[in-house]
Amino acid sequence: MNQENPLVANLSTPASNIQQPNNTTSASIAGASGGTLLVLLANNLSESYPLKSWLVIIAPSVSIVLSLFWKFISKKTNTYFKGKKVEKSKTLLQKKIQAALNNGLISQEEAIVLKRKMIEIELQSIDNLANKIKSIDFED
């Protein structure tokens, strides 16, 4: 009776089917939209307009550039907001721990555990910053 049921969630392992936003898809959409818009704009110009053919020719390149730009901006924005969320959560957790330590309702043993937790938070923050510094690629 030790068989796993695929229909029942196993709470001891993280869910692997959680959908994450796909930056590649949104970048492709942004690039395709920009290129298509450029072609439509060019097609609405008169035949005598000298840049009309060039606008149609560069449309695929514009699509690629827009896709790359969208990926870059999306990645930087996501990183920024994740960092803000982590800092906000860290601050809130430290305030909660400090409030629990100050209210006098917890035992001495629990206070020691909370102080250790606060130290762990600070050490983790320092470790994360050190790893961020190590990951910076300094070119010669």
# chains A, B, ... in the order shown; residues from 1 in each chain; ligands from 1
$ select_by_dssp --residues "chain A" --states "helix (DSSP H, G or I)" --output "ChimeraX atom specification"
/A:23-43,52-102,108-134
$ atom_distance --atom1 "atom CA of A:Thr24" --atom2 "atom CA of A:Leu37"
19.6 Å
$ residues_around --residues "A:Pro60" --least-positions-apart "6" --cutoff "9 Å" --atoms "only C-alpha atoms" --output "PDB file with all heavy atoms, in the first residue's frame"
ATOM      1  N   GLY A  31       8.268  42.193 -29.819  1.00  0.00           N
ATOM      2  CA  GLY A  31       9.030  42.327 -31.058  1.00  0.00           C
ATOM      3  C   GLY A  31       8.161  42.189 -32.290  1.00  0.00           C
ATOM      4  O   GLY A  31       8.258  42.987 -33.227  1.00  0.00           O
ATOM      5  N   ALA A  32       7.299  41.172 -32.277  1.00  0.00           N
ATOM      6  CA  ALA A  32       6.421  40.959 -33.433  1.00  0.00           C
ATOM      7  C   ALA A  32       5.466  42.130 -33.604  1.00  0.00           C
ATOM      8  O   ALA A  32       5.201  42.577 -34.733  1.00  0.00           O
ATOM      9  CB  ALA A  32       5.642  39.660 -33.267  1.00  0.00           C
ATOM     10  N   GLY A  35       7.469  45.120 -35.084  1.00  0.00           N
ATOM     11  CA  GLY A  35       7.778  44.906 -36.502  1.00  0.00           C
ATOM     12  C   GLY A  35       6.549  45.016 -37.373  1.00  0.00           C
ATOM     13  O   GLY A  35       6.581  45.615 -38.458  1.00  0.00           O
ATOM     14  N   THR A  36       5.449  44.439 -36.906  1.00  0.00           N
ATOM     15  CA  THR A  36       4.194  44.511 -37.660  1.00  0.00           C
ATOM     16  C   THR A  36       3.703  45.952 -37.759  1.00  0.00           C
ATOM     17  O   THR A  36       3.251  46.393 -38.818  1.00  0.00           O
ATOM     18  CB  THR A  36       3.118  43.644 -36.984  1.00  0.00           C
ATOM     19  OG1 THR A  36       3.597  42.306 -36.889  1.00  0.00           O
ATOM     20  CG2 THR A  36       1.818  43.662 -37.761  1.00  0.00           C
TER      21      THR A  36
END
$ closest_residue --among "A:Val86, A:Leu92, A:Val65, A:Ile57" --to "A:Ser125" --atoms "only C-alpha atoms"
A:Val86
$ residues_around --residues "A:Ala99" --least-positions-apart "6" --cutoff "12 Å" --atoms "only C-alpha atoms" --output "list in words"
Leu92, Leu93, Leu105, Ile106, Ala111, Leu114 and Lys115 of chain A
$ decode --residues "stretch 98-116 of chain A" --atoms "N, CA, C and O atoms" --output "PDB file, in the first residue's frame"
ATOM      1  N   GLN A  98      11.179  41.742  16.959  1.00  0.00           N
ATOM      2  CA  GLN A  98      11.477  42.735  18.000  1.00  0.00           C
ATOM      3  C   GLN A  98      10.258  42.976  18.878  1.00  0.00           C
ATOM      4  O   GLN A  98      10.375  43.092  20.102  1.00  0.00           O
ATOM      5  N   ALA A  99       9.078  43.033  18.272  1.00  0.00           N
ATOM      6  CA  ALA A  99       7.850  43.223  19.045  1.00  0.00           C
ATOM      7  C   ALA A  99       7.612  42.042  19.976  1.00  0.00           C
ATOM      8  O   ALA A  99       7.207  42.225  21.132  1.00  0.00           O
ATOM      9  N   ALA A 100       7.868  40.835  19.485  1.00  0.00           N
ATOM     10  CA  ALA A 100       7.700  39.644  20.327  1.00  0.00           C
ATOM     11  C   ALA A 100       8.690  39.648  21.482  1.00  0.00           C
ATOM     12  O   ALA A 100       8.358  39.240  22.599  1.00  0.00           O
ATOM     13  N   LEU A 101       9.901  40.120  21.224  1.00  0.00           N
ATOM     14  CA  LEU A 101      10.905  40.189  22.290  1.00  0.00           C
ATOM     15  C   LEU A 101      10.538  41.250  23.326  1.00  0.00           C
ATOM     16  O   LEU A 101      10.805  41.079  24.516  1.00  0.00           O
ATOM     17  N   ASN A 102       9.926  42.333  22.870  1.00  0.00           N
ATOM     18  CA  ASN A 102       9.607  43.450  23.768  1.00  0.00           C
ATOM     19  C   ASN A 102       8.331  43.255  24.567  1.00  0.00           C
ATOM     20  O   ASN A 102       8.166  43.873  25.618  1.00  0.00           O
ATOM     21  N   ASN A 103       7.405  42.419  24.095  1.00  0.00           N
ATOM     22  CA  ASN A 103       6.111  42.332  24.780  1.00  0.00           C
ATOM     23  C   ASN A 103       6.154  41.521  26.070  1.00  0.00           C
ATOM     24  O   ASN A 103       5.223  41.583  26.868  1.00  0.00           O
ATOM     25  N   GLY A 104       7.193  40.750  26.289  1.00  0.00           N
ATOM     26  CA  GLY A 104       7.346  40.027  27.545  1.00  0.00           C
ATOM     27  C   GLY A 104       6.456  38.811  27.701  1.00  0.00           C
ATOM     28  O   GLY A 104       6.402  38.228  28.778  1.00  0.00           O
ATOM     29  N   LEU A 105       5.752  38.414  26.664  1.00  0.00           N
ATOM     30  CA  LEU A 105       4.859  37.262  26.760  1.00  0.00           C
ATOM     31  C   LEU A 105       5.537  35.933  26.425  1.00  0.00           C
ATOM     32  O   LEU A 105       4.946  34.881  26.619  1.00  0.00           O
ATOM     33  N   ILE A 106       6.751  36.010  25.906  1.00  0.00           N
ATOM     34  CA  ILE A 106       7.433  34.774  25.518  1.00  0.00           C
ATOM     35  C   ILE A 106       8.456  34.393  26.579  1.00  0.00           C
ATOM     36  O   ILE A 106       8.946  35.237  27.332  1.00  0.00           O
ATOM     37  N   SER A 107       8.762  33.107  26.602  1.00  0.00           N
ATOM     38  CA  SER A 107       9.714  32.604  27.592  1.00  0.00           C
ATOM     39  C   SER A 107      11.137  32.978  27.195  1.00  0.00           C
ATOM     40  O   SER A 107      11.395  33.412  26.066  1.00  0.00           O
ATOM     41  N   GLN A 108      12.051  32.776  28.109  1.00  0.00           N
ATOM     42  CA  GLN A 108      13.466  33.076  27.867  1.00  0.00           C
ATOM     43  C   GLN A 108      14.012  32.207  26.733  1.00  0.00           C
ATOM     44  O   GLN A 108      14.782  32.684  25.902  1.00  0.00           O
ATOM     45  N   GLU A 109      13.602  30.932  26.695  1.00  0.00           N
ATOM     46  CA  GLU A 109      14.067  30.016  25.642  1.00  0.00           C
ATOM     47  C   GLU A 109      13.560  30.470  24.277  1.00  0.00           C
ATOM     48  O   GLU A 109      14.284  30.439  23.289  1.00  0.00           O
ATOM     49  N   GLU A 110      12.292  30.892  24.243  1.00  0.00           N
ATOM     50  CA  GLU A 110      11.732  31.372  22.977  1.00  0.00           C
ATOM     51  C   GLU A 110      12.405  32.675  22.539  1.00  0.00           C
ATOM     52  O   GLU A 110      12.630  32.885  21.343  1.00  0.00           O
ATOM     53  N   ALA A 111      12.761  33.507  23.496  1.00  0.00           N
ATOM     54  CA  ALA A 111      13.461  34.751  23.179  1.00  0.00           C
ATOM     55  C   ALA A 111      14.825  34.449  22.567  1.00  0.00           C
ATOM     56  O   ALA A 111      15.242  35.113  21.610  1.00  0.00           O
ATOM     57  N   ILE A 112      15.500  33.447  23.092  1.00  0.00           N
ATOM     58  CA  ILE A 112      16.802  33.050  22.542  1.00  0.00           C
ATOM     59  C   ILE A 112      16.637  32.564  21.107  1.00  0.00           C
ATOM     60  O   ILE A 112      17.434  32.911  20.224  1.00  0.00           O
ATOM     61  N   VAL A 113      15.593  31.776  20.856  1.00  0.00           N
ATOM     62  CA  VAL A 113      15.337  31.277  19.504  1.00  0.00           C
ATOM     63  C   VAL A 113      15.062  32.437  18.550  1.00  0.00           C
ATOM     64  O   VAL A 113      15.585  32.470  17.429  1.00  0.00           O
ATOM     65  N   LEU A 114      14.274  33.417  19.003  1.00  0.00           N
ATOM     66  CA  LEU A 114      13.968  34.564  18.151  1.00  0.00           C
ATOM     67  C   LEU A 114      15.211  35.412  17.880  1.00  0.00           C
ATOM     68  O   LEU A 114      15.399  35.918  16.776  1.00  0.00           O
ATOM     69  N   LYS A 115      16.062  35.569  18.879  1.00  0.00           N
ATOM     70  CA  LYS A 115      17.300  36.328  18.679  1.00  0.00           C
ATOM     71  C   LYS A 115      18.211  35.612  17.686  1.00  0.00           C
ATOM     72  O   LYS A 115      18.846  36.246  16.843  1.00  0.00           O
ATOM     73  N   ARG A 116      18.253  34.292  17.767  1.00  0.00           N
ATOM     74  CA  ARG A 116      19.037  33.514  16.792  1.00  0.00           C
ATOM     75  C   ARG A 116      18.459  33.703  15.384  1.00  0.00           C
ATOM     76  O   ARG A 116      19.203  33.814  14.411  1.00  0.00           O
TER      77      ARG A 116
END
